[in-house]
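Novice: Have a look at this one.
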Amino acid sequence: RHTFATIALDAGTALHDLQDSMGHADPRTTRRYDRARGSLNKAAGYDVARVLA
């Protein structure tokens with residue numbers, strides 16, 4: 001679910017559309033995925049993936 005949300009947001013999907021796709025009744029639930037995206041760039045796994053790509 002997290003990967004789906006992250007990829008969709010990175011691709012430019014509107015938060016409201018993602019909320020509908022994920023079946024979230026409350027938009028605050030969907031916003032958590034959006035806020036968490038920024039911290040992914042700091043993850044060591046992303047640094048390794050950039051080197052391997």
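Labeling convention for the structure tokens: chains A, B, ... as they appear, residues from 1 per chain, ligands from 1 in order of appearance.
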Need to verify the contact set: Tyr33 (chain A), 12 Å, only C-alpha atoms, exclusion of same-chain residues closer than 5 positions in sequence. Can you return it as a list of chain:residue names?

Specialist: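 Counting only the stated atoms, we get A:Arg1, A:His2, A:Thr3, A:Phe4, A:Ala5, A:Thr6, A:Ile7, A:Ala8, A:Leu9, A:Asp10, A:Leu15, A:Leu18, A:Gln19, A:Met22, A:His24, A:Pro27, A:Arg28, A:Gly38, A:Ser39, A:Leu40.
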